[in-house]
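So this one's input.tsv, TSV, C-alpha atoms and all ligand atoms:
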```
chain	number	residue	atom	x	y	z
A	66	MET	CA	-223.94	-109.54	-11.12
A	67	GLU	CA	-226.33	-110.99	-8.53
A	68	LEU	CA	-224.68	-114.09	-7.03
A	69	ARG	CA	-226.90	-116.92	-5.89
A	70	LYS	CA	-226.01	-118.50	-2.53
A	71	ARG	CA	-224.48	-121.92	-2.98
A	72	LYS	CA	-223.93	-124.90	-0.71
A	73	LEU	CA	-220.17	-125.42	-0.38
A	74	ILE	CA	-217.73	-128.05	0.91
A	75	LEU	CA	-214.02	-127.23	1.28
A	76	ASP	CA	-211.23	-129.82	1.20
A	77	VAL	CA	-207.97	-128.45	2.59
A	78	ASP	CA	-204.42	-129.22	3.73
A	79	THR	CA	-204.11	-126.14	5.97
A	80	GLY	CA	-201.53	-124.58	5.18
A	81	SER	CA	-201.07	-120.83	5.11
A	82	ASP	CA	-202.89	-120.19	1.84
A	83	ASP	CA	-205.56	-122.75	2.72
A	84	ALA	CA	-206.18	-120.68	5.87
A	85	LEU	CA	-206.88	-117.57	3.80
A	86	ALA	CA	-209.19	-119.54	1.52
A	87	ILE	CA	-211.16	-120.82	4.53
A	88	MET	CA	-211.38	-117.26	5.91
A	89	THR	CA	-212.66	-115.79	2.66
A	90	ALA	CA	-215.35	-118.48	2.40
A	91	LEU	CA	-216.41	-118.01	6.04
A	92	LEU	CA	-216.55	-114.21	5.60
A	93	CYS	CA	-219.01	-114.46	2.67
A	94	PRO	CA	-222.12	-116.05	4.22
A	95	GLU	CA	-224.23	-114.26	1.61
A	96	ALA	CA	-222.52	-116.39	-1.04
A	97	PHE	CA	-221.76	-119.67	0.70
A	98	ASP	CA	-223.59	-122.08	2.98
A	99	LEU	CA	-220.43	-123.89	4.11
A	100	LEU	CA	-221.53	-127.43	5.00
A	101	GLY	CA	-218.13	-128.60	6.21
A	102	ILE	CA	-214.36	-128.51	5.79
A	103	CYS	CA	-212.57	-131.82	5.07
A	104	THR	CA	-208.88	-132.08	5.90
A	105	VAL	CA	-206.19	-134.14	4.21
A	106	ASN	CA	-202.50	-134.95	4.45
A	107	GLY	CA	-200.54	-132.54	2.29
A	108	ASN	CA	-198.62	-129.47	3.38
A	109	ARG	CA	-198.36	-131.15	6.75
A	110	PRO	CA	-199.63	-134.47	8.24
A	111	VAL	CA	-203.41	-134.68	8.55
A	112	GLU	CA	-203.26	-134.26	12.35
A	113	ASN	CA	-201.61	-130.86	11.74
A	114	THR	CA	-203.85	-129.81	8.86
A	115	THR	CA	-206.90	-130.71	10.97
A	116	GLU	CA	-205.69	-128.75	14.01
A	117	ASN	CA	-204.75	-125.81	11.79
A	118	THR	CA	-208.18	-125.82	10.16
A	119	LEU	CA	-209.88	-125.86	13.56
A	120	ARG	CA	-207.72	-122.92	14.66
A	121	VAL	CA	-208.78	-120.85	11.63
A	122	VAL	CA	-212.47	-121.67	12.10
A	123	GLU	CA	-212.23	-120.65	15.76
A	124	LEU	CA	-210.33	-117.46	14.89
A	125	LEU	CA	-213.48	-116.32	13.08
A	126	GLY	CA	-215.81	-117.71	15.72
A	127	ALA	CA	-217.48	-120.02	13.21
A	128	GLN	CA	-219.24	-123.30	13.97
A	129	THR	CA	-218.45	-125.02	10.67
A	130	PRO	CA	-217.80	-128.76	11.09
A	131	VAL	CA	-214.24	-129.94	10.39
A	132	ILE	CA	-213.95	-133.52	9.19
A	133	ARG	CA	-210.66	-135.38	9.38
A	134	GLY	CA	-209.58	-137.05	6.13
A	135	CYS	CA	-206.88	-139.23	4.66
A	136	ALA	CA	-203.47	-139.52	6.25
A	137	SER	CA	-201.68	-140.51	3.05
A	138	PRO	CA	-202.17	-140.64	-0.72
A	139	LEU	CA	-203.84	-143.59	-2.48
A	140	VAL	CA	-200.73	-145.40	-3.77
A	141	ALA	CA	-198.06	-142.80	-4.60
A	142	GLN	CA	-195.87	-143.68	-1.63
A	143	ILE	CA	-195.96	-147.46	-2.19
A	144	ASP	CA	-193.59	-147.79	-5.18
A	145	PRO	CA	-190.06	-146.84	-4.02
A	146	LEU	CA	-189.02	-146.41	-7.66
A	147	ARG	CA	-191.50	-143.62	-8.29
A	148	SER	CA	-189.88	-140.25	-8.81
A	149	ARG	CA	-190.55	-138.69	-5.42
A	150	ARG	CA	-187.95	-135.96	-5.98
A	151	ARG	CA	-189.48	-132.69	-4.90
A	152	ARG	CA	-188.73	-129.08	-4.14
A	153	LEU	CA	-187.49	-127.82	-0.82
A	154	GLU	CA	-190.44	-127.12	1.47
A	155	GLU	CA	-188.36	-125.14	3.97
A	156	GLY	CA	-184.89	-123.65	4.34
A	157	ARG	CA	-182.72	-121.33	6.42
A	158	ASP	CA	-182.33	-117.59	5.75
A	159	ALA	CA	-179.06	-115.62	6.08
A	160	ASP	CA	-179.55	-115.47	9.85
A	161	GLY	CA	-180.05	-119.23	10.01
A	162	ASP	CA	-183.74	-118.84	10.83
A	163	LEU	CA	-186.17	-121.44	9.53
A	164	VAL	CA	-188.27	-120.35	6.54
A	165	ALA	CA	-191.25	-122.46	5.39
A	166	TYR	CA	-194.33	-122.05	3.18
A	167	HIS	CA	-196.44	-123.70	5.90
A	168	ALA	CA	-195.69	-123.86	9.65
A	169	GLU	CA	-196.27	-127.19	11.41
A	170	TYR	CA	-198.94	-125.38	13.40
A	171	LEU	CA	-200.42	-122.02	12.42
A	172	PRO	CA	-199.53	-119.19	14.86
A	173	LEU	CA	-203.00	-119.19	16.43
A	174	PRO	CA	-204.29	-120.38	19.82
A	175	PRO	CA	-204.61	-124.17	20.09
A	176	ALA	CA	-208.08	-125.26	18.99
A	177	LYS	CA	-210.64	-125.69	21.77
A	178	GLY	CA	-212.87	-127.87	19.64
A	179	SER	CA	-212.14	-131.04	17.68
A	180	ALA	CA	-212.92	-132.60	14.34
A	181	LEU	CA	-216.35	-134.23	13.99
A	182	PRO	CA	-216.12	-137.26	16.29
A	183	GLY	CA	-216.24	-140.62	14.48
A	184	ALA	CA	-216.42	-138.94	11.05
A	185	TYR	CA	-213.98	-139.55	8.21
A	186	ALA	CA	-213.98	-137.34	5.13
A	187	PRO	CA	-214.61	-139.94	2.38
A	188	ILE	CA	-217.60	-141.39	4.23
A	189	TRP	CA	-218.78	-137.95	5.35
A	190	TYR	CA	-218.80	-136.84	1.69
A	191	ILE	CA	-221.11	-139.73	0.81
A	192	ASP	CA	-223.43	-139.30	3.81
A	193	THR	CA	-223.64	-135.54	3.30
A	194	LEU	CA	-223.94	-135.34	-0.48
A	195	MET	CA	-226.46	-138.18	-0.86
A	196	ARG	CA	-228.95	-136.40	1.37
A	197	GLN	CA	-228.65	-132.96	-0.30
A	198	ALA	CA	-231.71	-131.84	-2.31
A	199	GLU	CA	-229.70	-128.88	-3.72
A	200	LYS	CA	-226.48	-129.60	-5.57
A	201	VAL	CA	-223.25	-128.74	-3.74
A	202	THR	CA	-220.12	-126.92	-4.97
A	203	LEU	CA	-216.85	-128.57	-3.96
A	204	VAL	CA	-213.60	-126.59	-3.63
A	205	MET	CA	-210.51	-128.73	-3.11
A	206	VAL	CA	-207.19	-127.03	-2.44
A	207	GLY	CA	-204.97	-129.89	-1.31
A	208	PRO	CA	-204.26	-133.43	-2.51
A	209	LEU	CA	-207.49	-135.00	-3.81
A	210	THR	CA	-207.43	-138.27	-1.87
A	211	ASN	CA	-210.63	-137.82	0.16
A	212	PHE	CA	-213.06	-137.26	-2.70
A	213	ALA	CA	-211.34	-139.83	-4.92
A	214	ILE	CA	-212.09	-142.52	-2.33
A	215	ALA	CA	-215.64	-141.25	-1.77
A	216	TYR	CA	-216.33	-141.40	-5.53
A	217	ARG	CA	-214.92	-144.89	-5.84
A	218	ILE	CA	-217.18	-146.06	-3.01
A	219	GLU	CA	-220.35	-144.28	-4.24
A	220	PRO	CA	-220.19	-142.80	-7.79
A	221	ARG	CA	-223.76	-141.48	-7.41
A	222	ILE	CA	-222.45	-138.66	-5.23
A	223	LEU	CA	-221.77	-136.80	-8.49
A	224	ASP	CA	-225.56	-136.49	-8.94
A	225	HIS	CA	-225.45	-134.10	-5.96
A	226	VAL	CA	-222.46	-132.02	-7.14
A	227	ALA	CA	-223.03	-128.70	-8.91
A	228	GLU	CA	-219.38	-127.97	-9.69
A	229	ILE	CA	-215.89	-128.91	-8.59
A	230	VAL	CA	-213.08	-126.35	-8.37
A	231	ILE	CA	-209.58	-127.59	-7.63
A	232	MET	CA	-206.35	-125.74	-7.00
A	233	GLY	CA	-203.69	-127.84	-8.70
A	234	GLY	CA	-201.54	-128.58	-11.69
A	235	GLY	CA	-199.65	-126.41	-14.09
A	236	LEU	CA	-199.53	-125.89	-17.84
A	237	TYR	CA	-196.29	-123.94	-18.06
A	238	GLU	CA	-195.63	-123.45	-14.33
A	239	HIS	CA	-194.70	-126.12	-11.78
A	240	ASN	CA	-193.30	-126.27	-8.26
A	241	SER	CA	-192.82	-129.72	-6.68
A	242	THR	CA	-190.82	-130.99	-9.65
A	243	ALA	CA	-189.96	-129.76	-13.13
A	244	ALA	CA	-193.24	-131.30	-14.32
A	245	ALA	CA	-195.66	-131.26	-11.39
A	246	GLU	CA	-197.50	-129.06	-8.91
A	247	PHE	CA	-197.65	-130.07	-5.22
A	248	ASN	CA	-201.34	-131.02	-4.77
A	249	ILE	CA	-201.34	-133.23	-7.85
A	250	PHE	CA	-197.82	-134.57	-7.27
A	251	THR	CA	-198.74	-135.67	-3.74
A	252	ASP	CA	-201.53	-137.93	-5.06
A	253	PRO	CA	-201.52	-138.26	-8.87
A	254	GLU	CA	-203.95	-141.20	-8.93
A	255	ALA	CA	-206.50	-139.24	-6.90
A	256	ALA	CA	-206.18	-136.35	-9.35
A	257	ALA	CA	-206.74	-138.75	-12.26
A	258	ILE	CA	-210.00	-139.82	-10.61
A	259	LEU	CA	-211.08	-136.16	-10.24
A	260	PHE	CA	-210.37	-135.55	-13.95
A	261	GLU	CA	-212.54	-138.62	-14.65
A	262	CYS	CA	-215.32	-136.90	-12.67
A	263	GLY	CA	-214.85	-133.88	-14.96
A	264	GLU	CA	-216.51	-135.86	-17.74
A	265	GLN	CA	-219.75	-135.88	-15.71
A	266	VAL	CA	-219.81	-132.61	-13.70
A	267	PRO	CA	-218.36	-129.13	-14.35
A	268	LEU	CA	-214.70	-129.17	-13.24
A	269	THR	CA	-212.62	-125.99	-13.06
A	270	VAL	CA	-208.88	-126.31	-12.52
A	271	MET	CA	-206.91	-123.43	-10.97
A	272	PRO	CA	-203.26	-124.23	-11.80
A	273	LEU	CA	-200.09	-122.35	-10.92
A	274	ASP	CA	-200.32	-120.44	-14.20
A	275	ALA	CA	-203.25	-118.56	-12.63
A	276	THR	CA	-202.34	-118.69	-8.93
A	277	HIS	CA	-198.81	-117.30	-9.39
A	278	ARG	CA	-200.62	-114.11	-10.33
A	279	ALA	CA	-202.88	-114.14	-7.30
A	280	ASN	CA	-200.46	-112.34	-5.03
A	281	LEU	CA	-200.47	-110.26	-1.88
A	282	ARG	CA	-197.53	-108.01	-1.09
A	283	PRO	CA	-195.77	-106.29	1.83
A	284	CYS	CA	-198.14	-103.32	1.54
A	285	HIS	CA	-201.07	-105.64	2.14
A	286	ALA	CA	-199.35	-107.27	5.12
A	287	GLU	CA	-198.75	-103.81	6.63
A	288	LEU	CA	-202.40	-102.91	6.11
A	289	PHE	CA	-203.60	-106.02	7.91
A	290	LYS	CA	-201.09	-105.57	10.75
A	291	SER	CA	-202.23	-101.94	11.16
A	292	TRP	CA	-205.55	-103.24	12.40
A	293	HIS	CA	-203.86	-104.52	15.59
A	294	THR	CA	-206.35	-107.37	15.84
A	295	ALA	CA	-205.97	-111.14	15.99
A	296	VAL	CA	-207.15	-111.52	12.40
A	297	GLY	CA	-205.00	-108.68	11.09
A	298	ASP	CA	-201.90	-109.90	12.92
A	299	PHE	CA	-202.38	-113.48	11.69
A	300	VAL	CA	-203.04	-112.58	8.05
A	301	GLY	CA	-200.19	-110.05	7.99
A	302	ALA	CA	-197.75	-112.55	9.49
A	303	GLU	CA	-198.75	-115.30	7.06
A	304	ILE	CA	-198.27	-113.00	4.07
A	305	CYS	CA	-194.82	-111.98	5.34
A	306	GLU	CA	-193.81	-115.62	5.94
A	307	ARG	CA	-194.96	-116.61	2.47
A	308	ILE	CA	-193.02	-113.72	0.91
A	309	ARG	CA	-189.89	-114.85	2.79
A	310	ALA	CA	-190.41	-118.46	1.67
A	311	TYR	CA	-190.90	-117.56	-1.99
A	312	ASN	CA	-187.94	-115.17	-2.02
A	313	LEU	CA	-185.70	-117.85	-0.56
A	314	LEU	CA	-187.06	-121.13	-1.95
A	315	GLN	CA	-188.95	-120.32	-5.15
A	316	PRO	CA	-188.34	-116.83	-6.63
A	317	LEU	CA	-191.22	-116.05	-9.02
A	318	HIS	CA	-191.58	-113.42	-11.78
A	319	GLU	CA	-190.90	-110.64	-9.27
A	320	PRO	CA	-189.58	-110.48	-5.68
A	321	ASP	CA	-191.57	-109.83	-2.52
A	322	ILE	CA	-194.82	-111.44	-3.59
A	323	ALA	CA	-196.92	-114.13	-1.87
A	324	PRO	CA	-199.17	-116.25	-4.11
A	325	ILE	CA	-202.35	-117.09	-2.20
A	326	HIS	CA	-203.11	-120.07	-4.44
A	327	ASP	CA	-206.09	-121.54	-2.60
A	328	ALA	CA	-208.01	-118.31	-2.01
A	329	LEU	CA	-208.18	-117.74	-5.76
A	330	CYS	CA	-210.63	-120.67	-6.01
A	331	ILE	CA	-213.02	-118.93	-3.60
A	332	LEU	CA	-212.66	-115.51	-5.22
A	333	TYR	CA	-213.26	-117.08	-8.64
A	334	LEU	CA	-216.65	-118.33	-7.39
A	335	LEU	CA	-217.43	-114.83	-6.06
A	336	ASP	CA	-216.30	-113.00	-9.21
A	337	PRO	CA	-215.41	-115.17	-12.25
A	338	SER	CA	-214.07	-112.08	-14.04
A	339	ILE	CA	-211.01	-112.32	-11.77
A	340	ILE	CA	-209.80	-114.99	-14.23
A	341	THR	CA	-208.68	-113.33	-17.46
A	342	GLU	CA	-207.83	-116.46	-19.47
A	343	LEU	CA	-209.89	-119.67	-19.29
A	344	ARG	CA	-209.96	-122.58	-21.73
A	345	THR	CA	-212.02	-125.76	-22.02
A	346	VAL	CA	-209.57	-128.61	-22.50
A	347	ARG	CA	-208.85	-132.27	-21.99
A	348	ALA	CA	-206.81	-132.84	-18.82
A	349	ASP	CA	-204.99	-136.00	-17.79
A	350	VAL	CA	-202.40	-136.82	-15.12
A	351	VAL	CA	-199.11	-138.68	-15.46
A	352	CYS	CA	-198.81	-141.36	-12.75
A	353	GLY	CA	-195.24	-142.56	-12.17
A	354	GLY	CA	-192.01	-141.99	-14.03
A	355	ILE	CA	-189.90	-138.88	-14.37
A	356	ALA	CA	-192.98	-136.67	-14.96
A	357	ASP	CA	-194.93	-138.20	-12.06
A	358	GLY	CA	-197.88	-135.90	-11.22
A	359	GLU	CA	-197.71	-133.82	-14.40
A	360	THR	CA	-201.05	-132.41	-15.54
A	361	VAL	CA	-201.30	-132.78	-19.30
A	362	PHE	CA	-203.71	-130.09	-20.60
A	363	ASP	CA	-204.60	-130.87	-24.23
A	364	THR	CA	-205.31	-127.40	-25.64
A	365	ARG	CA	-205.46	-128.56	-29.29
A	366	HIS	CA	-208.54	-128.03	-31.42
A	367	PHE	CA	-209.03	-131.81	-31.83
A	368	THR	CA	-208.30	-133.56	-28.51
A	369	ASP	CA	-207.60	-137.27	-28.01
A	370	ALA	CA	-210.43	-137.71	-25.52
A	371	PRO	CA	-213.53	-135.81	-24.34
A	372	ARG	CA	-212.79	-132.41	-22.83
A	373	ASN	CA	-213.22	-132.69	-19.06
A	374	CYS	CA	-212.33	-129.36	-17.49
A	375	ARG	CA	-211.98	-125.63	-17.78
A	376	VAL	CA	-208.47	-124.52	-16.96
A	377	CYS	CA	-207.71	-121.00	-15.69
A	378	LEU	CA	-204.50	-119.61	-17.14
A	379	ASN	CA	-204.28	-116.00	-15.95
A	380	THR	CA	-205.56	-113.71	-13.22
A	381	ASN	CA	-206.35	-110.03	-12.77
A	382	GLU	CA	-203.88	-109.51	-9.95
A	383	GLU	CA	-205.16	-106.10	-8.90
A	384	LYS	CA	-208.74	-107.37	-8.71
A	385	PHE	CA	-207.54	-110.38	-6.68
A	386	ALA	CA	-205.68	-108.25	-4.13
A	387	GLN	CA	-208.51	-105.74	-3.79
A	388	LEU	CA	-211.13	-108.46	-3.30
A	389	MET	CA	-208.96	-110.18	-0.70
A	390	VAL	CA	-208.59	-106.92	1.24
A	391	ASP	CA	-212.30	-106.16	0.95
A	392	ILE	CA	-213.37	-109.58	2.19
A	393	LEU	CA	-210.81	-109.90	4.98
A	394	SER	CA	-211.71	-106.36	6.11
A	395	ARG	CA	-215.06	-107.79	7.15
A	396	ALA	CA	-213.16	-109.31	10.10
A	397	LYS	CA	-211.12	-106.16	10.76
A	398	SER	CA	-212.21	-105.85	14.36
A	399	ARG	CA	-211.89	-109.49	15.31
A	401	LIG	O1	-198.95	-125.84	-5.14
A	401	LIG	C1	-199.72	-125.01	-4.28
A	401	LIG	C2	-200.64	-125.84	-3.45
A	401	LIG	O2	-199.88	-126.74	-2.63
A	401	LIG	C3	-201.49	-125.00	-2.47
A	401	LIG	O3	-202.73	-125.62	-2.29
A	401	LIG	C4	-200.70	-125.07	-1.19
A	401	LIG	O4	-201.52	-124.93	-0.03
A	401	LIG	C5	-200.14	-126.46	-1.26
A	401	LIG	O5	-201.15	-127.35	-0.79
A	402	CA	CA	-203.49	-126.20	-0.04
```

Please rewrite the model in this file as structure tokens.
Amino acid sequence: MELRKRKLILDVDTGSDDALAIMTALLCPEAFDLLGICTVNGNRPVENTTENTLRVVELLGAQTPVIRGCASPLVAQIDPLRSRRRRLEEGRDADGDLVAYHAEYLPLPPAKGSALPGAYAPIWYIDTLMRQAEKVTLVMVGPLTNFAIAYRIEPRILDHVAEIVIMGGGLYEHNSTAAAEFNIFTDPEAAAILFECGEQVPLTVMPLDATHRANLRPCHAELFKSWHTAVGDFVGAEICERIRAYNLLQPLHEPDIAPIHDALCILYLLDPSIITELRTVRADVVCGGIADGETVFDTRHFTDAPRNCRVCLNTNEEKFAQLMVDILSRAKSR
């Protein structure tokens, strides 16, 4: 299937799996004209996610602008009574060593460059989108604060958006709490605004039900490390760290797997057949209370409100892993 090249903006909270998503997008210039990468508070504070994003861009020698975004969610942290219970983000293994899904700083050389001076993601979205003649695809793989603010300031930006793909939520699978997934749980109100946008532009949601089957394994880590290059060493180490974190903190349907949640959004744009179950539904978000951040996907035949998204519910895991290896192999010698 001939893919047309699309203008793309990433929104990230880098983050180990965000890093692999950024790399796959940067390594497919035939498919993406990457206009910029917006950073947000999420896995780590926005200063860290911005530095980590810069490190990944420089690892691949790219010139893509990085735009610093929001340092905190819209309102979720204001009400002390809100259920802010959440999973463990790090722990200690049997040897007492720290294990975490996302290091404070990615194990890469400190960035030489900086984020776009004087630019802030919500305003940058408006300035950039409003001047685009061709519609832009947005892929957001962290909390959705940046675009939610941009849309509230200038709703007409949606006229310049071709499609929005977000990594977030869960139908049957959750992680931050018994009801919620991390990106949505971190800023439920921002997610509600994105689902509102889904009534006007195509919105595809990539929840944990799909991304828990987008895994890389020890064999893949060994392959990348066998390259003995900066890229191979970094990717191999991140896969191993994620496997350790999931084994210790969040055992999934089988041991020794590393879900690469965010990269699935990029691979879906490259090959939609990677998703084996996809439904058009009504999606809403619970804001506050014991189910704070829950994504409610109404899969019934007659829904209570207009359908506003396509939700991906399963993944061809072999195709995912092979495509990841194929794309990352483009940087084998770097
Ligand atoms: O729940 C998984 C999501 O939370 C991923 O985007 C990961 O990077 C974290 O942000
Ligand atoms: Ca992320």

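Considering the residues A:Lys397, A:Lys200, A:Arg69, A:Arg109 and counting all atoms listed in the file, ligand CA 402 (chain A) has its shortest atom-to-atom contact with A:Arg109.
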
- Between A:Gly178, A:Pro267, A:Pro337, A:Pro110, smallest distance to Cys374 of chain A by all atoms listed in the file belongs to A:Pro267

- What would the list of residues within 12 Å of (-226.9, -122.4, -1.2) (file frame) look like as JSON, numbers by chain, if only C-alpha atoms are what count? {"A": [68, 69, 70, 71, 72, 73, 74, 93, 94, 95, 96, 97, 98, 99, 100, 197, 198, 199, 200, 201, 202, 227]}

- Using only C-alpha atoms and all ligand atoms, determine which residues fall within 7 Å of ligand LIG 401 (chain A), then list them as a PyMOL selection string. chain A and resi 78-83+107-108+206-207+232-233+240+246-248+273+326-327

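Taking only C-alpha atoms into account, Val226 of chain A lies nearest to A:Met195 out of the set A:Leu388, A:Ala213, A:Leu335, A:Met195.
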
- Note on the structure: The residue from A:Leu92, A:Ala186, A:Leu317, A:Leu124 with the smallest atom-to-atom distance to Leu75 of chain A, counting only C-alpha atoms, is A:Ala186

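Here atom CA of Ile308 of chain A is placed at a distance of 8.1 Å from atom CA of Pro320 of chain A.
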
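Between ligand CA 402 (chain A) and the candidates A:Arg133, A:Ala396, A:His167, A:His225, the tightest atom-to-atom separation, counting all atoms listed in the file, involves A:His167.
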
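We find atom CA of Cys305 of chain A and atom CA of Arg399 of chain A to be spaced 19.9 Å apart.
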
- Task: Write out as a list in words which residues come within 9 Å of Pro208 of chain A when counting only C-alpha atoms, dropping same-chain ones fewer than 2 positions away.
- Result: Asp76, Val77, Asp78, Val105, Asn106, Gly107, Pro138, Met205, Val206, Thr210, Asn211, Gly233, Phe247, Asn248, Ile249, Phe250, Thr251, Asp252, Pro253, Ala255 and Ala256 of chain A

- Message: I need the residue nearest ligand CA 402 (chain A) from this list: A:His366, A:Ala86, A:Leu146, A:Ile102. Use all atoms listed in the file for the distance.
- Response: A:Ala86

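Our summary of the geometry notes that atom CA of Ile331 of chain A is positioned 7.0 Å from atom CA of Thr89 of chain A.
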
Could you produce a table of the residues of segment 119-220 of chain A lying within 9 Å of segment 301-304 of chain A, with the nearest pair of atoms per residue and their separation in Å rounded to one decimal, using only C-alpha atoms, ordered by chain and increasing residue number, as CSV?
```
residue,atom,partner,partner_atom,distance
A:Tyr166,CA,A:Glu303,CA,9.0
A:His167,CA,A:Glu303,CA,8.8
A:Leu171,CA,A:Glu303,CA,8.8
A:Pro172,CA,A:Ala302,CA,8.7
```

Write the residues of the selection above to a file with C-alpha atoms, as a compact mmCIF listing (two decimals), in the coordinates of the input.
```txt
# COMPACT_ATOMS: atom_id res chain seq x y z
CA TYR A 166 -194.33 -122.05 3.18
CA HIS A 167 -196.44 -123.70 5.90
CA LEU A 171 -200.42 -122.02 12.42
CA PRO A 172 -199.53 -119.19 14.86
```

- Contacts of segment 339-351 of chain A at 6 Å (all atoms listed in the file; same-chain gap of 5+ positions) as a list in words: Ala257, Asp357, Gly358, Glu359, Thr360, Val361, Phe362, Asp363, Thr364, Arg372, Asn373, Cys374, Arg375, Val376, Cys377, Leu378, Asn379, Thr380 and Asn381 of chain A

Residues near segment 218-224 of chain A, cut-off 10 Å, all atoms listed in the file, skip fewer than 2 positions along chain, as a CSV table (one decimal) with C-alpha atoms, keeping the file's coordinate frame:
```csv
chain,number,residue,atom,x,y,z
A,187,PRO,CA,-214.6,-139.9,2.4
A,188,ILE,CA,-217.6,-141.4,4.2
A,190,TYR,CA,-218.8,-136.8,1.7
A,191,ILE,CA,-221.1,-139.7,0.8
A,192,ASP,CA,-223.4,-139.3,3.8
A,193,THR,CA,-223.6,-135.5,3.3
A,194,LEU,CA,-223.9,-135.3,-0.5
A,195,MET,CA,-226.5,-138.2,-0.9
A,196,ARG,CA,-229.0,-136.4,1.4
A,197,GLN,CA,-228.6,-133.0,-0.3
A,200,LYS,CA,-226.5,-129.6,-5.6
A,201,VAL,CA,-223.2,-128.7,-3.7
A,212,PHE,CA,-213.1,-137.3,-2.7
A,213,ALA,CA,-211.3,-139.8,-4.9
A,214,ILE,CA,-212.1,-142.5,-2.3
A,215,ALA,CA,-215.6,-141.2,-1.8
A,216,TYR,CA,-216.3,-141.4,-5.5
A,226,VAL,CA,-222.5,-132.0,-7.1
A,227,ALA,CA,-223.0,-128.7,-8.9
A,228,GLU,CA,-219.4,-128.0,-9.7
A,229,ILE,CA,-215.9,-128.9,-8.6
A,262,CYS,CA,-215.3,-136.9,-12.7
A,263,GLY,CA,-214.8,-133.9,-15.0
A,265,GLN,CA,-219.8,-135.9,-15.7
A,266,VAL,CA,-219.8,-132.6,-13.7
```

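When the distance limit is 9 Å and all atoms listed in the file are what count, the residues near Leu288 of chain A, minus those fewer than 4 positions from it on the same chain, are Pro283, Cys284, Trp292, Gly297, Gly301 and Val390 of chain A.
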